$ cat entry-v3.txt   # compact mmCIF, C-alpha atoms and all ligand atoms
# COMPACT_ATOMS: atom_id res chain seq x y z
CA MET A 7 111.93 77.90 115.39
CA LEU A 8 109.55 79.66 113.11
CA ILE A 9 107.25 81.97 115.02
CA LYS A 10 104.11 82.92 113.18
CA LYS A 11 101.86 85.77 114.11
CA GLN A 12 98.37 84.84 115.18
CA THR A 13 96.49 87.60 113.47
CA GLY A 14 97.54 88.26 109.92
CA ILE A 15 99.86 91.07 109.14
CA GLU A 16 100.38 94.25 110.97
CA ILE A 17 101.09 97.63 109.59
CA PRO A 18 104.76 97.63 108.73
CA SER A 19 106.95 99.47 111.16
CA ALA A 20 107.86 101.85 108.36
CA GLU A 21 111.55 101.28 108.84
CA ILE A 22 111.89 102.81 105.42
CA THR A 23 110.16 105.72 103.81
CA PRO A 24 107.61 104.38 101.36
CA GLU A 25 108.57 105.07 97.79
CA HIS A 26 105.74 107.40 96.93
CA VAL A 27 106.27 109.60 99.96
CA TYR A 28 109.92 109.99 99.14
CA HIS A 29 109.32 110.82 95.52
CA SER A 30 106.57 113.22 96.41
CA ARG A 31 108.87 114.99 98.79
CA ARG A 32 111.72 115.04 96.38
CA ARG A 33 109.69 116.43 93.52
CA PHE A 34 108.03 118.82 95.87
CA MET A 35 111.39 120.20 96.87
CA LYS A 36 112.43 120.42 93.25
CA GLY A 37 109.45 122.68 92.77
CA ALA A 38 108.06 120.44 90.06
CA VAL A 39 104.76 120.22 91.81
CA ALA A 40 101.28 120.48 90.40
CA LEU A 41 98.16 121.15 92.43
CA SER A 42 97.17 117.52 92.60
CA ALA A 43 100.64 116.77 93.83
CA THR A 44 100.01 118.62 97.04
CA ALA A 45 97.04 116.39 97.65
CA VAL A 46 99.10 113.28 97.01
CA LEU A 47 101.78 114.50 99.35
CA ALA A 48 99.27 115.32 102.03
CA ALA A 49 97.59 111.96 101.63
CA ALA A 50 100.87 110.13 101.72
CA CYS A 51 102.04 111.90 104.84
CA ASN A 52 98.76 111.86 106.69
CA PRO A 53 98.30 108.61 108.59
CA GLN A 54 94.57 109.27 108.83
CA SER A 55 94.18 109.05 105.10
CA ASN A 56 95.02 105.38 105.38
CA THR A 57 92.20 104.60 107.70
CA SER A 58 89.63 106.76 105.97
CA ASN A 59 89.83 104.42 103.04
CA ASN A 60 88.83 101.14 104.58
CA VAL A 61 85.13 101.33 103.85
CA PRO A 62 84.86 100.27 100.23
CA ARG A 63 82.23 98.15 98.54
CA GLY A 64 82.15 94.40 98.62
CA SER A 65 85.58 93.36 97.52
CA ALA A 66 87.62 90.27 98.08
CA ALA A 67 89.47 91.74 100.99
CA THR A 68 86.55 93.17 102.87
CA THR A 69 84.22 90.25 102.35
CA GLY A 70 86.85 87.55 102.81
CA GLU A 71 86.01 86.41 99.31
CA GLU A 72 88.63 84.30 97.61
CA GLY A 73 89.56 83.64 94.01
CA SER A 74 87.67 80.81 92.27
CA GLU A 75 89.09 77.41 92.99
CA VAL A 76 90.98 75.95 90.05
CA GLY A 77 93.55 73.67 91.62
CA GLN A 78 95.24 72.48 94.76
CA VAL A 79 98.30 73.55 96.65
CA ALA A 80 100.63 70.60 96.90
CA ALA A 81 103.18 71.83 99.44
CA THR A 82 103.33 73.91 102.59
CA THR A 83 106.87 75.23 102.18
CA ASP A 84 109.23 76.28 99.44
CA GLU A 85 112.34 74.27 98.58
CA LEU A 86 114.27 75.96 101.39
CA GLY A 87 111.67 74.91 103.97
CA ASP A 88 110.22 78.43 104.30
CA SER A 89 106.49 78.38 105.08
CA LEU A 90 104.00 79.71 102.58
CA THR A 91 102.71 83.17 103.42
CA GLU A 92 99.08 83.12 104.57
CA TYR A 93 96.61 83.50 101.70
CA GLN A 94 94.90 86.40 103.45
CA ASP A 95 98.20 88.26 103.63
CA VAL A 96 98.98 87.59 99.98
CA ILE A 97 95.65 89.08 98.89
CA THR A 98 95.49 92.04 101.27
CA TYR A 99 99.06 93.44 101.35
CA ASN A 100 99.83 94.54 97.83
CA ASN A 101 101.78 96.98 95.75
CA TYR A 102 99.67 98.11 92.80
CA TYR A 103 100.15 101.82 92.20
CA GLU A 104 97.48 101.91 89.49
CA PHE A 105 94.99 101.72 92.34
CA THR A 106 96.70 103.27 95.34
CA THR A 107 100.07 103.49 96.99
CA ASP A 108 98.57 102.22 100.24
CA LYS A 109 99.30 98.50 100.34
CA GLN A 110 96.43 97.67 102.63
CA THR A 111 93.82 99.46 100.52
CA VAL A 112 94.74 98.00 97.13
CA SER A 113 92.58 94.89 97.55
CA SER A 114 89.41 96.84 98.24
CA MET A 115 90.11 99.47 95.57
CA ALA A 116 90.76 96.77 92.96
CA GLY A 117 87.71 94.70 93.86
CA ASP A 118 85.64 95.72 90.83
CA PHE A 119 88.45 95.70 88.30
CA VAL A 120 87.18 93.98 85.13
CA THR A 121 89.48 91.13 84.10
CA SER A 122 87.26 89.45 81.54
CA PRO A 123 87.18 89.72 78.58
CA TRP A 124 90.93 90.18 78.38
CA GLN A 125 93.42 89.88 75.58
CA VAL A 126 97.18 89.98 75.47
CA GLU A 127 98.90 91.25 72.36
CA VAL A 128 102.18 89.48 71.66
CA GLY A 129 104.24 91.04 68.91
CA GLY A 130 107.21 93.12 67.90
CA LEU A 131 110.24 91.25 66.55
CA VAL A 132 108.57 87.86 66.24
CA ARG A 133 107.67 85.57 63.36
CA ASN A 134 104.12 84.88 64.58
CA PRO A 135 102.55 87.88 66.31
CA GLY A 136 99.09 87.39 67.74
CA MET A 137 96.31 88.40 70.08
CA TYR A 138 95.84 85.82 72.81
CA ASP A 139 92.61 85.55 74.70
CA ILE A 140 93.09 84.99 78.41
CA ASP A 141 90.99 81.82 78.29
CA ASP A 142 93.23 80.55 75.54
CA LEU A 143 96.35 81.31 77.62
CA ARG A 144 94.86 79.45 80.59
CA THR A 145 94.23 76.27 78.62
CA ARG A 146 96.85 76.28 75.88
CA PHE A 147 99.78 75.78 78.24
CA ASP A 148 99.84 73.40 81.19
CA GLN A 149 99.35 75.36 84.38
CA GLU A 150 102.12 74.53 86.82
CA GLU A 151 102.41 75.30 90.49
CA ARG A 152 105.54 77.25 91.38
CA ILE A 153 106.29 78.18 94.95
CA TYR A 154 108.45 81.29 94.82
CA ARG A 155 109.81 83.81 97.27
CA LEU A 156 108.74 87.36 96.38
CA ARG A 157 111.19 89.99 97.61
CA CYS A 158 110.00 93.58 97.39
CA VAL A 159 112.66 96.26 97.02
CA GLU A 160 111.13 97.81 100.17
CA ALA A 161 112.68 94.89 102.12
CA TRP A 162 109.65 92.77 102.90
CA SER A 163 108.96 89.36 101.38
CA MET A 164 106.46 86.55 101.00
CA VAL A 165 106.40 82.92 99.85
CA ILE A 166 103.65 82.44 97.28
CA PRO A 167 102.38 79.32 95.53
CA TRP A 168 101.72 80.63 92.03
CA MET A 169 100.02 78.87 89.17
CA GLY A 170 100.93 79.61 85.62
CA PHE A 171 103.22 78.66 82.79
CA PRO A 172 106.79 79.55 81.83
CA LEU A 173 106.98 82.63 79.60
CA GLN A 174 109.37 80.66 77.38
CA LYS A 175 106.45 78.52 76.19
CA LEU A 176 104.61 81.54 74.85
CA LEU A 177 107.79 82.96 73.34
CA ALA A 178 108.51 79.66 71.60
CA GLU A 179 105.13 79.92 69.95
CA VAL A 180 105.59 83.44 68.62
CA GLU A 181 109.22 82.74 67.63
CA PRO A 182 111.43 85.74 68.41
CA LEU A 183 113.44 86.95 65.42
CA PRO A 184 117.25 87.02 65.66
CA GLU A 185 117.19 90.82 66.21
CA ALA A 186 115.03 90.45 69.33
CA LYS A 187 117.14 91.12 72.42
CA TYR A 188 114.63 92.17 75.08
CA VAL A 189 111.02 91.60 76.07
CA ARG A 190 108.87 94.59 76.98
CA PHE A 191 105.69 94.22 79.04
CA GLU A 192 102.84 96.64 79.52
CA THR A 193 100.00 96.80 82.05
CA LEU A 194 96.49 97.88 81.03
CA TYR A 195 96.02 101.64 80.77
CA ASP A 196 92.52 102.52 81.98
CA PRO A 197 92.45 105.49 84.36
CA GLU A 198 88.67 105.14 84.82
CA GLN A 199 89.19 101.75 86.40
CA MET A 200 92.61 102.47 87.82
CA PRO A 201 92.46 105.87 89.51
CA GLY A 202 96.15 105.80 90.36
CA GLN A 203 96.85 106.29 86.67
CA LYS A 204 95.42 109.78 86.96
CA SER A 205 98.43 110.67 89.07
CA SER A 206 101.13 112.43 87.12
CA TRP A 207 103.91 111.10 89.37
CA PHE A 208 104.50 108.25 87.00
CA GLU A 209 104.49 107.69 83.28
CA TRP A 210 101.65 105.28 82.69
CA PRO A 211 101.12 102.57 81.71
CA TYR A 212 103.41 100.51 83.93
CA VAL A 213 106.17 99.06 81.79
CA GLU A 214 108.75 96.41 82.60
CA GLY A 215 111.36 94.53 80.66
CA LEU A 216 113.66 91.54 80.65
CA ARG A 217 116.62 90.56 78.58
CA LEU A 218 115.60 87.75 76.23
CA ASP A 219 117.73 85.15 78.03
CA GLU A 220 116.14 86.17 81.36
CA ALA A 221 112.71 85.89 79.79
CA MET A 222 113.59 82.42 78.48
CA ASN A 223 114.81 81.17 81.87
CA ASP A 224 112.62 78.40 83.21
CA LEU A 225 111.90 80.31 86.44
CA THR A 226 110.23 83.20 84.60
CA LEU A 227 106.51 82.64 84.95
CA LEU A 228 103.32 84.08 83.56
CA ALA A 229 101.00 83.57 86.52
CA THR A 230 97.25 83.21 86.26
CA GLY A 231 96.58 82.02 89.79
CA LEU A 232 97.89 81.55 93.29
CA TYR A 233 97.04 79.18 96.12
CA GLY A 234 95.10 77.02 93.66
CA LYS A 235 92.74 79.90 92.88
CA GLU A 236 92.41 82.33 90.05
CA LEU A 237 94.33 85.54 90.56
CA LEU A 238 92.42 88.36 92.21
CA PRO A 239 92.75 91.86 90.75
CA GLN A 240 95.05 93.04 93.53
CA ASN A 241 97.57 90.34 92.59
CA GLY A 242 97.56 91.26 88.91
CA ALA A 243 94.61 89.39 87.41
CA PRO A 244 94.11 87.98 84.97
CA ILE A 245 97.78 87.46 84.09
CA ARG A 246 101.03 88.83 85.50
CA LEU A 247 104.72 88.19 85.33
CA VAL A 248 106.69 86.58 88.18
CA VAL A 249 110.48 86.86 88.11
CA PRO A 250 111.51 85.51 91.51
CA TRP A 251 115.22 86.43 91.50
CA LYS A 252 114.48 90.11 90.87
CA TYR A 253 112.89 92.72 93.10
CA GLY A 254 109.11 92.52 93.08
CA PHE A 255 108.56 95.58 90.93
CA LYS A 256 109.84 93.64 87.92
CA SER A 257 106.87 91.26 88.27
CA ILE A 258 104.42 93.40 86.31
CA LYS A 259 100.69 92.90 86.83
CA SER A 260 97.64 92.74 84.54
CA ILE A 261 99.58 92.50 81.29
CA VAL A 262 97.98 93.49 77.98
CA LYS A 263 101.06 93.67 75.78
CA ILE A 264 104.25 91.66 75.36
CA GLU A 265 106.65 92.95 72.77
CA LEU A 266 109.99 91.64 71.54
CA VAL A 267 112.35 94.54 70.95
CA ASP A 268 115.99 95.18 70.08
CA THR A 269 116.77 97.91 72.62
CA GLN A 270 116.58 97.86 76.41
CA PRO A 271 113.08 98.94 77.48
CA VAL A 272 112.73 101.83 79.92
CA SER A 273 110.56 100.66 82.79
CA LEU A 274 108.21 102.88 84.77
CA TRP A 275 110.62 102.79 87.71
CA MET A 276 113.69 103.55 85.62
CA ALA A 277 111.90 106.64 84.33
CA ALA A 278 110.60 107.66 87.76
CA ALA A 279 113.83 107.20 89.72
CA PRO A 280 116.72 106.67 87.30
CA ASN A 281 119.33 106.87 90.05
CA GLU A 282 117.63 104.15 92.09
CA TYR A 283 116.17 101.52 89.86
CA GLY A 284 118.22 99.91 87.15
CA PHE A 285 116.96 97.65 84.44
CA TYR A 286 118.23 94.44 86.05
CA ALA A 287 117.13 94.87 89.66
CA ASN A 288 118.40 91.45 90.70
CA VAL A 289 117.98 90.79 94.42
CA ASN A 290 121.41 91.46 95.89
CA PRO A 291 122.05 91.83 99.62
CA GLU A 292 125.41 93.45 98.87
CA VAL A 293 124.02 96.35 96.88
CA PRO A 294 122.05 98.68 99.15
CA HIS A 295 119.26 100.85 97.92
CA PRO A 296 120.44 104.48 98.09
CA ARG A 297 118.29 104.93 101.20
CA TRP A 298 118.33 101.54 102.97
CA SER A 299 120.19 98.28 103.23
CA GLN A 300 119.06 95.25 101.24
CA ALA A 301 121.01 92.84 103.47
CA SER A 302 117.91 91.69 105.35
CA GLU A 303 114.16 91.54 104.94
CA ARG A 304 110.94 91.14 106.88
CA ARG A 305 109.01 88.01 105.87
CA ILE A 306 105.33 88.87 106.14
CA GLY A 307 103.82 86.82 108.97
CA ASP A 308 107.13 86.30 110.78
CA LEU A 309 108.63 88.21 113.63
CA GLY A 310 112.02 89.74 113.19
CA ARG A 311 114.10 89.85 110.06
CA ARG A 312 116.01 87.35 108.01
CA GLU A 313 119.02 87.64 105.76
CA THR A 314 118.35 88.37 102.15
CA LEU A 315 119.80 85.77 99.79
CA LYS A 316 121.69 86.61 96.63
CA PHE A 317 119.35 86.35 93.64
CA ASN A 318 116.66 85.77 96.29
CA GLY A 319 117.96 82.22 96.74
CA TYR A 320 117.85 81.30 93.05
CA GLU A 321 121.57 81.69 92.40
CA ALA A 322 121.98 78.14 91.10
CA GLN A 323 119.33 78.71 88.45
CA VAL A 324 120.24 82.21 87.29
CA ALA A 325 123.83 83.19 88.17
CA SER A 326 125.04 81.90 84.80
CA LEU A 327 122.90 84.55 83.07
CA TYR A 328 125.24 87.19 84.47
CA ALA A 329 128.60 85.39 84.23
CA GLY A 330 131.38 87.94 83.94
CA GLU A 331 129.05 90.89 84.45
CA ASP A 332 129.47 93.48 87.18
CA LEU A 333 126.37 93.04 89.33
CA ARG A 334 126.77 96.46 90.91
CA GLU A 335 127.12 98.15 87.59
CA ASN A 336 124.20 96.13 86.31
CA PHE A 337 121.79 96.97 89.08
N1 LIG B 1 101.32 97.06 87.06
C1 LIG B 1 101.94 96.98 88.25
N2 LIG B 1 102.65 95.87 88.53
C2 LIG B 1 103.28 95.76 89.72
C3 LIG B 1 103.24 96.81 90.67
C4 LIG B 1 102.47 97.97 90.35
O1 LIG B 1 102.37 98.95 91.11
N3 LIG B 1 101.83 98.01 89.13
N4 LIG B 1 103.92 96.70 91.88
C5 LIG B 1 105.06 95.78 91.87
C6 LIG B 1 105.64 95.57 93.19
S1 LIG B 1 106.54 96.86 93.83
C7 LIG B 1 105.55 94.37 93.85
S2 LIG B 1 106.39 94.12 95.30
C8 LIG B 1 104.69 93.30 93.34
C9 LIG B 1 103.68 92.91 94.42
O2 LIG B 1 102.91 91.81 94.00
P1 LIG B 1 101.72 91.29 94.93
O3 LIG B 1 100.90 92.46 95.35
O4 LIG B 1 100.98 90.29 94.12
O5 LIG B 1 102.39 90.63 96.12
O6 LIG B 1 103.98 93.67 92.17
C10 LIG B 1 104.72 94.43 91.24
N5 LIG B 1 103.96 94.61 90.02
MO MO B 2 107.84 95.92 95.46
$ encode --input "entry-v3.txt" --output "structure tokens"
Amino acid sequence: MLIKKQTGIEIPSAEITPEHVYHSRRRFMKGAVALSATAVLAAACNPQSNTSNNVPRGSAATTGEEGSEVGQVAATTDELGDSLTEYQDVITYNNYYEFTTDKQTVSSMAGDFVTSPWQVEVGGLVRNPGMYDIDDLRTRFDQEERIYRLRCVEAWSMVIPWMGFPLQKLLAEVEPLPEAKYVRFETLYDPEQMPGQKSSWFEWPYVEGLRLDEAMNDLTLLATGLYGKELLPQNGAPIRLVVPWKYGFKSIKSIVKIELVDTQPVSLWMAAAPNEYGFYANVNPEVPHPRWSQASERRIGDLGRRETLKFNGYEAQVASLYAGEDLRENF
């Protein structure tokens, strides 16, 4: 039986140390600490700093405002029969370090983020580079609904009905050259709008990458909406990547640049924690994170934990991408 909580999500039981706290501590101990770092550390470790933040202006989360309606949600479960995560949970429990490392404050902090006008530059090793306007991207390719499980590396997960189009359609249009081996993605860099980018813990902007064959896989989605509504800023508006068989951090938000390249991109997380986050980051219950197991996960809205599935349950669709490769080596 599936037991659902009555009242949205609760603060996670912090069975794991949140990433930013750990890195703060680690760098602190290394002595590589600037003045602002002390503040970050204090904020991260002080539970009161979480509650002092919940008074922001009218944002989606605080007003209950939703994204504009653009479609309908056809199903109530994914293909495994797992229930969709409540919309309110999807838009109020977010990882978006450009705003804050506090998941439950992202939605209010991101409320005023300007997502229009917006352009995405697609270039690098392609025959037809171009600037795409977001409105063009929304209408040029059929918007499909894709219900995907999202598995965060922190061992929580959701089931989200996305809307968008396969990245392969955009790539087909720009025509990667034979030398192109990887796709590199970049989030907007705008510290005035995204205060988290003023933090020197990370090398901004957020960067992610895929091997070209991963990028061309039919599951790989450029999402512009969820739950039949336009994306809200906290979920990566106006356009973000969704790669459901990889840990959530690969699904980069608010993309402004897509570049075809011949060498493996270095992602923000690879640079920040090279011993923890590899380029591939495929969901794999058998490969623990250095500090916690990945064998199980907490589905937001459920009680208890469930087993984590290899490739997040998408083995049939993606295992062939890694035939003959060592999945531990290639974490
Ligand atoms: N630019 C950017 N993209 C990002 C992140 C981020 O901090 N910045 N967080 C990632 C992580 S860790 C996860 S789990 C997912 C969360 O997506 P959601 O908030 O829409 O559920 O976004 C990913 N994309
Ligand atoms: Mo994540």
$ residues_near_ligand --input "entry-v3.txt" --ligand "ligand MO 2 (chain B)" --cutoff "12 Å" --atoms "only C-alpha atoms and all ligand atoms" --output "mmCIF file with C-alpha atoms, in the frame of the given file"
data_model
loop_
_atom_site.group_PDB
_atom_site.id
_atom_site.type_symbol
_atom_site.label_atom_id
_atom_site.label_comp_id
_atom_site.auth_asym_id
_atom_site.auth_seq_id
_atom_site.Cartn_x
_atom_site.Cartn_y
_atom_site.Cartn_z
ATOM 1 C CA PRO A 24 107.610 104.380 101.360
ATOM 2 C CA GLU A 25 108.570 105.070 97.790
ATOM 3 C CA HIS A 26 105.740 107.400 96.930
ATOM 4 C CA TYR A 99 99.060 93.440 101.350
ATOM 5 C CA ASN A 100 99.830 94.540 97.830
ATOM 6 C CA ASN A 101 101.780 96.980 95.750
ATOM 7 C CA TYR A 102 99.670 98.110 92.800
ATOM 8 C CA TYR A 103 100.150 101.820 92.200
ATOM 9 C CA THR A 107 100.070 103.490 96.990
ATOM 10 C CA LYS A 109 99.300 98.500 100.340
ATOM 11 C CA LEU A 156 108.740 87.360 96.380
ATOM 12 C CA ARG A 157 111.190 89.990 97.610
ATOM 13 C CA CYS A 158 110.000 93.580 97.390
ATOM 14 C CA VAL A 159 112.660 96.260 97.020
ATOM 15 C CA GLU A 160 111.130 97.810 100.170
ATOM 16 C CA ALA A 161 112.680 94.890 102.120
ATOM 17 C CA TRP A 162 109.650 92.770 102.900
ATOM 18 C CA SER A 163 108.960 89.360 101.380
ATOM 19 C CA MET A 164 106.460 86.550 101.000
ATOM 20 C CA VAL A 248 106.690 86.580 88.180
ATOM 21 C CA VAL A 249 110.480 86.860 88.110
ATOM 22 C CA PRO A 250 111.510 85.510 91.510
ATOM 23 C CA LYS A 252 114.480 90.110 90.870
ATOM 24 C CA TYR A 253 112.890 92.720 93.100
ATOM 25 C CA GLY A 254 109.110 92.520 93.080
ATOM 26 C CA PHE A 255 108.560 95.580 90.930
ATOM 27 C CA LYS A 256 109.840 93.640 87.920
ATOM 28 C CA SER A 257 106.870 91.260 88.270
ATOM 29 C CA ILE A 258 104.420 93.400 86.310
ATOM 30 C CA LYS A 259 100.690 92.900 86.830
ATOM 31 C CA TRP A 275 110.620 102.790 87.710
ATOM 32 C CA TYR A 283 116.170 101.520 89.860
ATOM 33 C CA ALA A 287 117.130 94.870 89.660
ATOM 34 C CA VAL A 289 117.980 90.790 94.420
#
$ residues_around --input "entry-v3.txt" --residues "Trp168 (chain A)" --least-positions-apart "3" --cutoff "7 Å" --atoms "all atoms listed in the file" --output "PyMOL selection string"
chain A and resi 151-153+229+231-233
$ residues_around --input "entry-v3.txt" --residues "Arg312 (chain A)" --least-positions-apart "2" --cutoff "7 Å" --atoms "only C-alpha atoms" --output "list in words"
Ser302, Glu303, Arg304, Gly310 and Thr314 of chain A
$ write_last_selection --input "entry-v3.txt" --atoms "C-alpha atoms" --output "PDB file, keeping the file's coordinate frame"
ATOM      1  CA  SER A 302     117.910  91.690 105.350  1.00  0.00           C
ATOM      2  CA  GLU A 303     114.160  91.540 104.940  1.00  0.00           C
ATOM      3  CA  ARG A 304     110.940  91.140 106.880  1.00  0.00           C
ATOM      4  CA  GLY A 310     112.020  89.740 113.190  1.00  0.00           C
ATOM      5  CA  THR A 314     118.350  88.370 102.150  1.00  0.00           C
TER       6      THR A 314
END
$ residues_around --input "entry-v3.txt" --residues "region 113-125 of chain A" --least-positions-apart "2" --cutoff "6 Å" --atoms "all atoms listed in the file" --output "ChimeraX atom specification"
/A:65,67,98,111,138-140,239-240,244
$ residues_around --input "entry-v3.txt" --residues "Val293 (chain A)" --least-positions-apart "4" --cutoff "8 Å" --atoms "only C-alpha atoms" --output "PyMOL selection string"
chain A and resi 299-300+334
$ closest_residue --input "entry-v3.txt" --among "A:Ala329, A:Gly284, A:Arg155, A:Thr230" --to "Asp141 (chain A)" --atoms "only C-alpha atoms"
A:Thr230
